[in-house]
Amino acid sequence: MTPLNPDMTPKSDGKGAEFIFLPLGGVGEIGMNLYLYGYGRAGARQWLIVDMGVTFGTEYEPGVDLILPDIRFIEEERHNIAGLLLTHAHEDHFGAVVDLWPSLGGIPVYATPFTAEMLKSKLSEIGLVNGFPLEIIPLGAHRTIGPFDVELVSMSHSIPEPSAVIIRTPLGAALHTGDWKLDENPLTSAPTDIDRLKALGSDGLTALICDSTNAVRDGVSPSEADVAVTLDRLVKQAPGRVAVTTFASNVARIRSVANAARAAGRDLVVVGRAMYRVIEAAQATGYLDPHLSFLEETAFESLKPRHVVALCTGSQGEPRAAMARIAQGEHPNVSLDPGDWVIFSSRTIPGNEKAVARVQNGLADRGIDVITDTDAPVHVSGHPRRGELERLYGWVKPAIAIPMHGEGRHLEAHARLAEKLGVSQVVRARNGAMVRLLPGPAAIIDDVPVGRLYRDGLVLTRADDGQVRERRKLSFAGSVAVSLVFSEKGVLLADPEVALTGLPQTDAQGVPFERIARDAVVGTIESIPKSRRKDQALVSEAVRRSVRAAVNQAWGKKPVCSVLLTVI
Ligand SMILES: [Zn+2]
Ligand SMILES: [Zn+2]
């Protein structure tokens, strides 16, 4: 890659130390946030990792539950990693720790109390919690981690304790925002620490690495408190049962639903394991009243319709979560009737639209009223719109801006906004781009390998291993398996067997595909001179090609074909 300003020679501090930013995930995609900050001379750098998140498999990754960042680079640098700092407990920021931390040589992990509680809950499920080097940093506190002085700044977001991180080195300071918005009344945590951000701007900030999720939207986000008012009103108005689904981690929303239920004289029933996990963590860290009264899902059926609010997991249409099962009428404890209301107090994450639509259509088919954020303000985003970004830039006045946390168009909108606001160096970095922040001017000085890992059942594999690509091919065109038995002299000893999976029975003329495949096999073998039929590789490849070609001619699609050749 070429430097952004090839004409300008970087200034030196005399010792050759550099301050580096290196995104490995989360830039150019939604999810999988993984960022490195480096300090030191080339070849002798120390690294601080900020966040280690996941994203979820879609229909393009059939059978893949979780997608994680490829950490090849971090594994190679394992001995130079000072620690891993988590900005908040959303899956796209901390969901990969459980799977990837074991291969990082026992590095310490730093988190705020709530994030730590959520991580412990995950670690305890796999028996990793004892001896795990988890260090708690309260919001507003400093820590020295390797060569970095790190300070957490309170922000607002859709989960307790979202933090921005000030990362100081002897050369200068960077502000890594994590996920944030401005909300004067976030209902959990303290609001954004605006005074601290302004002071940072007065001290002189080198680089702002900032959330781009809503950089395409003008104005400012509504407050979490506005949602609470709407939920209150809707729960009071509802003629029958009310079920609310939201992200389990949105503790403010859980509290708003609980308050709305109480104000309407209804009992709150909690449905879904993930919801319990968050409620426990929030109670342990003071974000929910330890005496919050709620009933378990087994109580649901015995309650009168006008006396119940169910708080359910499954706002993203996850097929195994509570809401999908309720929509299918298959939930063991919770069933809804025509006239009951379901409120989707959530945003559909890109990629989940079809799954969410399936659940909402299932509910509508059963006569249940579905209310989403297009009907009423039942959800607000946790990310900054342009008006909020402008205010942050005005407070911290960075010399360098690097957009992160967004897809291409979000990043570009953010970059242009930063330019319009007068930031002199706007760096468009993608995953793997090593950015030298200081000595300036900022420049992309290297690129390192990045990629994706799949958690495929119980196995973790690289995305480029190819099995998921093959599975996708199978889903389009099925497979044909051919079994051939030859003597050592190359004589066919039995009729070829073919087994078809996922093909239509017959072609448009009514000819069975099984016959088409078998004829292709027999014809191909006959076309190979007897003297060459001993060459197993040649026979297999010729049969494979001819079956795919013959099926393609009749069907217009090429199945996956495998040839099993036995010589006796
Ligand atoms: Zn995020
Ligand atoms: Zn988040």
# chains A, B, ... in the order shown; residues from 1 in each chain; ligands from 1
$ residues_around --residues "A:Arg358" --least-positions-apart "6" --cutoff "9 Å" --atoms "only C-alpha atoms" --output "count of residues only"
3
$ residues_near_ligand --ligand "ligand 2" --cutoff "8 Å" --atoms "only C-alpha atoms and all ligand atoms" --output "PDB file with N, CA and C atoms, in the first residue's frame"
ATOM      1  N   HIS A  88     -17.440  -2.916  25.742  1.00  0.00           N
ATOM      2  CA  HIS A  88     -18.774  -3.217  26.284  1.00  0.00           C
ATOM      3  C   HIS A  88     -19.155  -4.653  25.934  1.00  0.00           C
ATOM      4  N   ALA A  89     -20.286  -5.103  26.488  1.00  0.00           N
ATOM      5  CA  ALA A  89     -20.613  -6.527  26.445  1.00  0.00           C
ATOM      6  C   ALA A  89     -21.562  -6.912  25.311  1.00  0.00           C
ATOM      7  N   HIS A  90     -21.505  -6.209  24.188  1.00  0.00           N
ATOM      8  CA  HIS A  90     -22.254  -6.687  23.025  1.00  0.00           C
ATOM      9  C   HIS A  90     -21.450  -7.768  22.308  1.00  0.00           C
ATOM     10  N   GLU A  91     -22.168  -8.721  21.713  1.00  0.00           N
ATOM     11  CA  GLU A  91     -21.491  -9.859  21.076  1.00  0.00           C
ATOM     12  C   GLU A  91     -20.510  -9.414  19.991  1.00  0.00           C
ATOM     13  N   ASP A  92     -20.840  -8.323  19.275  1.00  0.00           N
ATOM     14  CA  ASP A  92     -19.933  -7.904  18.201  1.00  0.00           C
ATOM     15  C   ASP A  92     -18.655  -7.266  18.754  1.00  0.00           C
ATOM     16  N   HIS A  93     -18.566  -7.172  20.094  1.00  0.00           N
ATOM     17  CA  HIS A  93     -17.350  -6.613  20.710  1.00  0.00           C
ATOM     18  C   HIS A  93     -16.663  -7.579  21.667  1.00  0.00           C
ATOM     19  N   HIS A 157     -25.057   4.107  25.332  1.00  0.00           N
ATOM     20  CA  HIS A 157     -25.252   3.080  24.304  1.00  0.00           C
ATOM     21  C   HIS A 157     -26.367   2.186  24.814  1.00  0.00           C
ATOM     22  N   SER A 158     -26.689   1.131  24.080  1.00  0.00           N
ATOM     23  CA  SER A 158     -27.846   0.316  24.426  1.00  0.00           C
ATOM     24  C   SER A 158     -27.510  -0.825  25.377  1.00  0.00           C
ATOM     25  N   ILE A 159     -26.554  -0.610  26.262  1.00  0.00           N
ATOM     26  CA  ILE A 159     -26.134  -1.620  27.232  1.00  0.00           C
ATOM     27  C   ILE A 159     -25.465  -0.854  28.372  1.00  0.00           C
ATOM     28  N   PRO A 162     -21.088   1.377  28.557  1.00  0.00           N
ATOM     29  CA  PRO A 162     -20.314   1.488  27.322  1.00  0.00           C
ATOM     30  C   PRO A 162     -19.166   2.449  27.572  1.00  0.00           C
ATOM     31  N   GLY A 178     -15.493   3.126  20.880  1.00  0.00           N
ATOM     32  CA  GLY A 178     -16.432   2.023  21.059  1.00  0.00           C
ATOM     33  C   GLY A 178     -17.755   2.413  20.424  1.00  0.00           C
ATOM     34  N   ASP A 179     -18.861   1.795  20.855  1.00  0.00           N
ATOM     35  CA  ASP A 179     -20.192   2.151  20.348  1.00  0.00           C
ATOM     36  C   ASP A 179     -20.767   3.220  21.268  1.00  0.00           C
ATOM     37  N   TRP A 180     -21.359   4.244  20.685  1.00  0.00           N
ATOM     38  CA  TRP A 180     -21.846   5.339  21.534  1.00  0.00           C
ATOM     39  C   TRP A 180     -22.943   6.128  20.837  1.00  0.00           C
ATOM     40  N   GLY A 382     -28.478   2.759  19.273  1.00  0.00           N
ATOM     41  CA  GLY A 382     -27.442   3.108  20.245  1.00  0.00           C
ATOM     42  C   GLY A 382     -26.238   3.766  19.604  1.00  0.00           C
TER      43      GLY A 382
END
$ closest_residue --among "A:Leu336, A:Thr298, A:Asp373, A:Pro23" --to "A:Ile209" --atoms "only C-alpha atoms"
A:Pro23
$ closest_atom_pairs --of "chain A" --to "ligand 1" --cutoff "12 Å" --atoms "only C-alpha atoms and all ligand atoms" --output "Markdown table"
| residue | atom | partner | partner_atom_place_in_ligand_line | distance |
| --- | --- | --- | --- | --- |
| A:Gly25 | CA | ligand 1 | 1 (Zn) | 11.3 |
| A:Gly26 | CA | ligand 1 | 1 (Zn) | 8.4 |
| A:Val27 | CA | ligand 1 | 1 (Zn) | 11.0 |
| A:Glu29 | CA | ligand 1 | 1 (Zn) | 10.6 |
| A:Ile30 | CA | ligand 1 | 1 (Zn) | 7.6 |
| A:Gly31 | CA | ligand 1 | 1 (Zn) | 6.2 |
| A:Met32 | CA | ligand 1 | 1 (Zn) | 8.3 |
| A:Asn33 | CA | ligand 1 | 1 (Zn) | 7.2 |
| A:Leu34 | CA | ligand 1 | 1 (Zn) | 10.6 |
| A:Asp51 | CA | ligand 1 | 1 (Zn) | 9.8 |
| A:Met52 | CA | ligand 1 | 1 (Zn) | 10.7 |
| A:Gly53 | CA | ligand 1 | 1 (Zn) | 8.4 |
| A:Val54 | CA | ligand 1 | 1 (Zn) | 9.8 |
| A:Thr55 | CA | ligand 1 | 1 (Zn) | 10.0 |
| A:Leu86 | CA | ligand 1 | 1 (Zn) | 11.4 |
| A:Thr87 | CA | ligand 1 | 1 (Zn) | 9.5 |
| A:His88 | CA | ligand 1 | 1 (Zn) | 8.6 |
| A:Ala89 | CA | ligand 1 | 1 (Zn) | 9.3 |
| A:His90 | CA | ligand 1 | 1 (Zn) | 6.6 |
| A:Glu91 | CA | ligand 1 | 1 (Zn) | 7.8 |
| A:Asp92 | CA | ligand 1 | 1 (Zn) | 5.3 |
| A:His93 | CA | ligand 1 | 1 (Zn) | 6.0 |
| A:Phe94 | CA | ligand 1 | 1 (Zn) | 9.5 |
| A:Gly95 | CA | ligand 1 | 1 (Zn) | 10.9 |
| A:His157 | CA | ligand 1 | 1 (Zn) | 9.6 |
| A:Ser158 | CA | ligand 1 | 1 (Zn) | 9.9 |
| A:Ile159 | CA | ligand 1 | 1 (Zn) | 10.6 |
| A:Pro162 | CA | ligand 1 | 1 (Zn) | 10.3 |
| A:Ser163 | CA | ligand 1 | 1 (Zn) | 11.8 |
| A:Thr177 | CA | ligand 1 | 1 (Zn) | 10.6 |
| A:Gly178 | CA | ligand 1 | 1 (Zn) | 7.3 |
| A:Asp179 | CA | ligand 1 | 1 (Zn) | 5.5 |
| A:Trp180 | CA | ligand 1 | 1 (Zn) | 8.8 |
| A:Lys181 | CA | ligand 1 | 1 (Zn) | 11.6 |
| A:Cys210 | CA | ligand 1 | 1 (Zn) | 11.2 |
| A:Asp211 | CA | ligand 1 | 1 (Zn) | 8.2 |
| A:Ser212 | CA | ligand 1 | 1 (Zn) | 9.9 |
| A:Thr213 | CA | ligand 1 | 1 (Zn) | 8.3 |
| A:Asn214 | CA | ligand 1 | 1 (Zn) | 11.4 |
| A:Ile349 | CA | ligand 1 | 1 (Zn) | 11.1 |
| A:Ser381 | CA | ligand 1 | 1 (Zn) | 11.1 |
| A:Gly382 | CA | ligand 1 | 1 (Zn) | 9.0 |
| A:His383 | CA | ligand 1 | 1 (Zn) | 8.6 |
| A:Pro384 | CA | ligand 1 | 1 (Zn) | 11.7 |
| A:Met404 | CA | ligand 1 | 1 (Zn) | 10.0 |
| A:His405 | CA | ligand 1 | 1 (Zn) | 6.6 |
| A:Gly406 | CA | ligand 1 | 1 (Zn) | 8.9 |
| A:Glu407 | CA | ligand 1 | 1 (Zn) | 11.9 |
$ write_last_selection --atoms "N, CA and C atoms" --output "compact mmCIF listing (two decimals), in the first residue's frame"
# COMPACT_ATOMS: atom_id res chain seq x y z
N GLY A 25 -10.78 -6.34 12.36
CA GLY A 25 -12.18 -6.69 12.11
C GLY A 25 -13.03 -5.50 12.50
N GLY A 26 -14.18 -5.34 11.84
CA GLY A 26 -15.10 -4.26 12.23
C GLY A 26 -15.05 -3.04 11.33
N VAL A 27 -14.12 -3.01 10.38
CA VAL A 27 -14.06 -1.88 9.45
C VAL A 27 -14.41 -2.42 8.07
N GLU A 29 -17.48 -3.83 7.69
CA GLU A 29 -18.47 -4.88 7.96
C GLU A 29 -19.17 -4.54 9.27
N ILE A 30 -20.33 -5.13 9.45
CA ILE A 30 -21.03 -4.99 10.74
C ILE A 30 -20.58 -6.17 11.59
N GLY A 31 -20.09 -5.89 12.77
CA GLY A 31 -19.74 -6.97 13.68
C GLY A 31 -18.26 -7.27 13.68
N MET A 32 -17.87 -8.27 14.49
CA MET A 32 -16.49 -8.78 14.51
C MET A 32 -15.45 -7.71 14.81
N ASN A 33 -15.75 -6.82 15.78
CA ASN A 33 -14.81 -5.75 16.08
C ASN A 33 -13.55 -6.28 16.73
N LEU A 34 -12.41 -5.88 16.18
CA LEU A 34 -11.11 -6.31 16.71
C LEU A 34 -10.07 -5.29 16.24
N ASP A 51 -11.32 -4.93 22.07
CA ASP A 51 -12.49 -5.72 21.65
C ASP A 51 -12.12 -6.96 20.83
N MET A 52 -13.02 -7.94 20.89
CA MET A 52 -12.82 -9.19 20.16
C MET A 52 -14.22 -9.78 19.94
N GLY A 53 -14.86 -9.35 18.85
CA GLY A 53 -16.28 -9.66 18.67
C GLY A 53 -16.55 -10.69 17.59
N VAL A 54 -17.82 -11.05 17.49
CA VAL A 54 -18.27 -12.03 16.49
C VAL A 54 -19.35 -11.40 15.62
N THR A 55 -19.65 -12.08 14.55
CA THR A 55 -20.87 -11.79 13.83
C THR A 55 -21.56 -13.15 13.63
N LEU A 86 -11.97 -4.64 26.80
CA LEU A 86 -13.31 -4.74 26.19
C LEU A 86 -14.08 -3.45 26.44
N THR A 87 -14.65 -2.87 25.38
CA THR A 87 -15.38 -1.59 25.55
C THR A 87 -16.79 -1.79 26.10
N HIS A 88 -17.44 -2.92 25.74
CA HIS A 88 -18.77 -3.22 26.28
C HIS A 88 -19.16 -4.65 25.93
N ALA A 89 -20.29 -5.10 26.49
CA ALA A 89 -20.61 -6.53 26.44
C ALA A 89 -21.56 -6.91 25.31
N HIS A 90 -21.50 -6.21 24.19
CA HIS A 90 -22.25 -6.69 23.02
C HIS A 90 -21.45 -7.77 22.31
N GLU A 91 -22.17 -8.72 21.71
CA GLU A 91 -21.49 -9.86 21.08
C GLU A 91 -20.51 -9.41 19.99
N ASP A 92 -20.84 -8.32 19.28
CA ASP A 92 -19.93 -7.90 18.20
C ASP A 92 -18.66 -7.27 18.75
N HIS A 93 -18.57 -7.17 20.09
CA HIS A 93 -17.35 -6.61 20.71
C HIS A 93 -16.66 -7.58 21.67
N PHE A 94 -17.41 -8.52 22.24
CA PHE A 94 -16.72 -9.44 23.18
C PHE A 94 -17.07 -10.91 22.96
N GLY A 95 -17.86 -11.19 21.89
CA GLY A 95 -18.35 -12.55 21.70
C GLY A 95 -17.30 -13.57 21.29
N HIS A 157 -25.06 4.11 25.33
CA HIS A 157 -25.25 3.08 24.30
C HIS A 157 -26.37 2.19 24.81
N SER A 158 -26.69 1.13 24.08
CA SER A 158 -27.85 0.32 24.43
C SER A 158 -27.51 -0.82 25.38
N ILE A 159 -26.55 -0.61 26.26
CA ILE A 159 -26.13 -1.62 27.23
C ILE A 159 -25.46 -0.85 28.37
N PRO A 162 -21.09 1.38 28.56
CA PRO A 162 -20.31 1.49 27.32
C PRO A 162 -19.17 2.45 27.57
N SER A 163 -17.97 2.11 27.11
CA SER A 163 -16.85 3.01 27.38
C SER A 163 -16.08 3.33 26.13
N THR A 177 -13.71 5.25 20.37
CA THR A 177 -15.02 5.55 20.99
C THR A 177 -15.81 4.33 21.43
N GLY A 178 -15.49 3.13 20.88
CA GLY A 178 -16.43 2.02 21.06
C GLY A 178 -17.76 2.41 20.42
N ASP A 179 -18.86 1.80 20.86
CA ASP A 179 -20.19 2.15 20.35
C ASP A 179 -20.77 3.22 21.27
N TRP A 180 -21.36 4.24 20.68
CA TRP A 180 -21.85 5.34 21.53
C TRP A 180 -22.94 6.13 20.84
N LYS A 181 -23.66 6.88 21.62
CA LYS A 181 -24.57 7.91 21.13
C LYS A 181 -24.60 8.97 22.22
N CYS A 210 -13.60 6.20 15.46
CA CYS A 210 -14.97 6.49 15.89
C CYS A 210 -16.03 5.66 15.13
N ASP A 211 -17.07 5.30 15.86
CA ASP A 211 -18.26 4.58 15.40
C ASP A 211 -18.90 5.26 14.18
N SER A 212 -19.16 4.48 13.11
CA SER A 212 -19.74 5.04 11.87
C SER A 212 -21.15 4.53 11.58
N THR A 213 -21.70 3.68 12.46
CA THR A 213 -22.93 2.95 12.15
C THR A 213 -24.06 3.82 11.59
N ASN A 214 -24.27 4.99 12.21
CA ASN A 214 -25.37 5.85 11.76
C ASN A 214 -24.88 7.13 11.08
N ILE A 349 -31.07 -6.44 12.60
CA ILE A 349 -29.68 -6.35 12.15
C ILE A 349 -29.63 -6.78 10.68
N SER A 381 -31.82 3.64 18.29
CA SER A 381 -30.51 3.08 18.02
C SER A 381 -29.53 3.53 19.09
N GLY A 382 -28.48 2.76 19.27
CA GLY A 382 -27.44 3.11 20.25
C GLY A 382 -26.24 3.77 19.60
N HIS A 383 -26.39 4.22 18.36
CA HIS A 383 -25.23 4.75 17.63
C HIS A 383 -25.46 6.20 17.21
N PRO A 384 -24.36 6.96 17.04
CA PRO A 384 -24.49 8.39 16.78
C PRO A 384 -24.88 8.72 15.36
N MET A 404 -14.57 3.80 11.91
CA MET A 404 -14.63 2.34 12.13
C MET A 404 -16.09 1.94 12.35
N HIS A 405 -16.32 0.65 12.65
CA HIS A 405 -17.64 0.12 12.99
C HIS A 405 -18.69 0.53 11.95
N GLY A 406 -18.58 -0.04 10.75
CA GLY A 406 -19.58 0.23 9.73
C GLY A 406 -19.21 -0.45 8.43
N GLU A 407 -20.20 -0.52 7.54
CA GLU A 407 -19.94 -1.03 6.20
C GLU A 407 -19.42 0.12 5.34
$ select_by_dssp --residues "stretch 80-119 of chain A" --states "strand (DSSP E or B)" --output "PyMOL selection string"
chain A and resi 81-85+109-111
$ residues_around --residues "A:Glu470" --least-positions-apart "4" --cutoff "12 Å" --atoms "only C-alpha atoms" --output "VMD selection string"
chain A and resid 60 to 63 463 to 466 474 to 479 559 to 561
$ write_last_selection --atoms "N, CA and C atoms" --output "mmCIF file, in the first residue's frame"
data_model
loop_
_atom_site.group_PDB
_atom_site.id
_atom_site.type_symbol
_atom_site.label_atom_id
_atom_site.label_comp_id
_atom_site.auth_asym_id
_atom_site.auth_seq_id
_atom_site.Cartn_x
_atom_site.Cartn_y
_atom_site.Cartn_z
ATOM 1 N N TYR A 60 -25.791 -17.338 3.568
ATOM 2 C CA TYR A 60 -24.608 -17.540 2.732
ATOM 3 C C TYR A 60 -23.562 -18.415 3.417
ATOM 4 N N GLU A 61 -23.730 -18.621 4.702
ATOM 5 C CA GLU A 61 -22.816 -19.508 5.435
ATOM 6 C C GLU A 61 -23.656 -20.620 6.061
ATOM 7 N N PRO A 62 -24.258 -21.498 5.225
ATOM 8 C CA PRO A 62 -25.202 -22.465 5.785
ATOM 9 C C PRO A 62 -24.547 -23.344 6.851
ATOM 10 N N GLY A 63 -25.214 -23.441 7.979
ATOM 11 C CA GLY A 63 -24.742 -24.314 9.054
ATOM 12 C C GLY A 63 -23.715 -23.669 9.958
ATOM 13 N N ALA A 463 -12.486 -19.598 7.066
ATOM 14 C CA ALA A 463 -13.518 -19.442 6.034
ATOM 15 C C ALA A 463 -13.008 -19.917 4.681
ATOM 16 N N ASP A 464 -11.697 -19.769 4.438
ATOM 17 C CA ASP A 464 -11.191 -20.178 3.119
ATOM 18 C C ASP A 464 -10.883 -21.664 3.050
ATOM 19 N N ASP A 465 -11.230 -22.456 4.080
ATOM 20 C CA ASP A 465 -11.046 -23.903 3.980
ATOM 21 C C ASP A 465 -11.983 -24.519 2.945
ATOM 22 N N GLY A 466 -13.099 -23.883 2.667
ATOM 23 C CA GLY A 466 -13.907 -24.290 1.519
ATOM 24 C C GLY A 466 -15.114 -25.161 1.780
ATOM 25 N N LEU A 474 -23.879 -27.393 -2.791
ATOM 26 C CA LEU A 474 -24.815 -28.523 -2.644
ATOM 27 C C LEU A 474 -26.250 -28.027 -2.527
ATOM 28 N N SER A 475 -26.422 -26.890 -1.852
ATOM 29 C CA SER A 475 -27.791 -26.406 -1.645
ATOM 30 C C SER A 475 -28.402 -25.886 -2.942
ATOM 31 N N PHE A 476 -27.562 -25.493 -3.910
ATOM 32 C CA PHE A 476 -28.100 -25.027 -5.197
ATOM 33 C C PHE A 476 -28.379 -26.172 -6.154
ATOM 34 N N ALA A 477 -27.483 -27.175 -6.166
ATOM 35 C CA ALA A 477 -27.545 -28.145 -7.261
ATOM 36 C C ALA A 477 -27.423 -29.598 -6.833
ATOM 37 N N GLY A 478 -27.455 -29.886 -5.536
ATOM 38 C CA GLY A 478 -27.454 -31.270 -5.099
ATOM 39 C C GLY A 478 -26.182 -32.011 -5.453
ATOM 40 N N SER A 479 -26.227 -33.345 -5.343
ATOM 41 C CA SER A 479 -25.017 -34.118 -5.615
ATOM 42 C C SER A 479 -25.357 -35.438 -6.279
ATOM 43 N N PRO A 559 -24.523 -30.537 -10.731
ATOM 44 C CA PRO A 559 -24.434 -30.988 -9.338
ATOM 45 C C PRO A 559 -22.979 -31.245 -8.936
ATOM 46 N N VAL A 560 -22.752 -31.319 -7.626
ATOM 47 C CA VAL A 560 -21.459 -31.806 -7.137
ATOM 48 C C VAL A 560 -21.429 -33.290 -7.445
ATOM 49 N N CYS A 561 -20.322 -33.798 -8.012
ATOM 50 C CA CYS A 561 -20.275 -35.232 -8.357
ATOM 51 C C CYS A 561 -19.051 -35.866 -7.719
#
$ select_by_dssp --residues "stretch 180-335 of chain A" --states "alpha helix (DSSP H)" --output "ChimeraX atom specification"
/A:194-203,224-237,251-263,273-284,322-327
$ closest_residue --among "A:Pro102, A:Gly140, A:Pro319, A:Pro338" --to "A:Asn352" --atoms "only C-alpha atoms"
A:Pro319
$ atom_distance --atom1 "atom CA of A:Val270" --atom2 "atom CA of A:Val97"
27.4 Å
$ closest_residue --among "A:Arg266, A:Arg320, A:His414, A:Arg277" --to "A:Arg217" --atoms "only C-alpha atoms"
A:His414
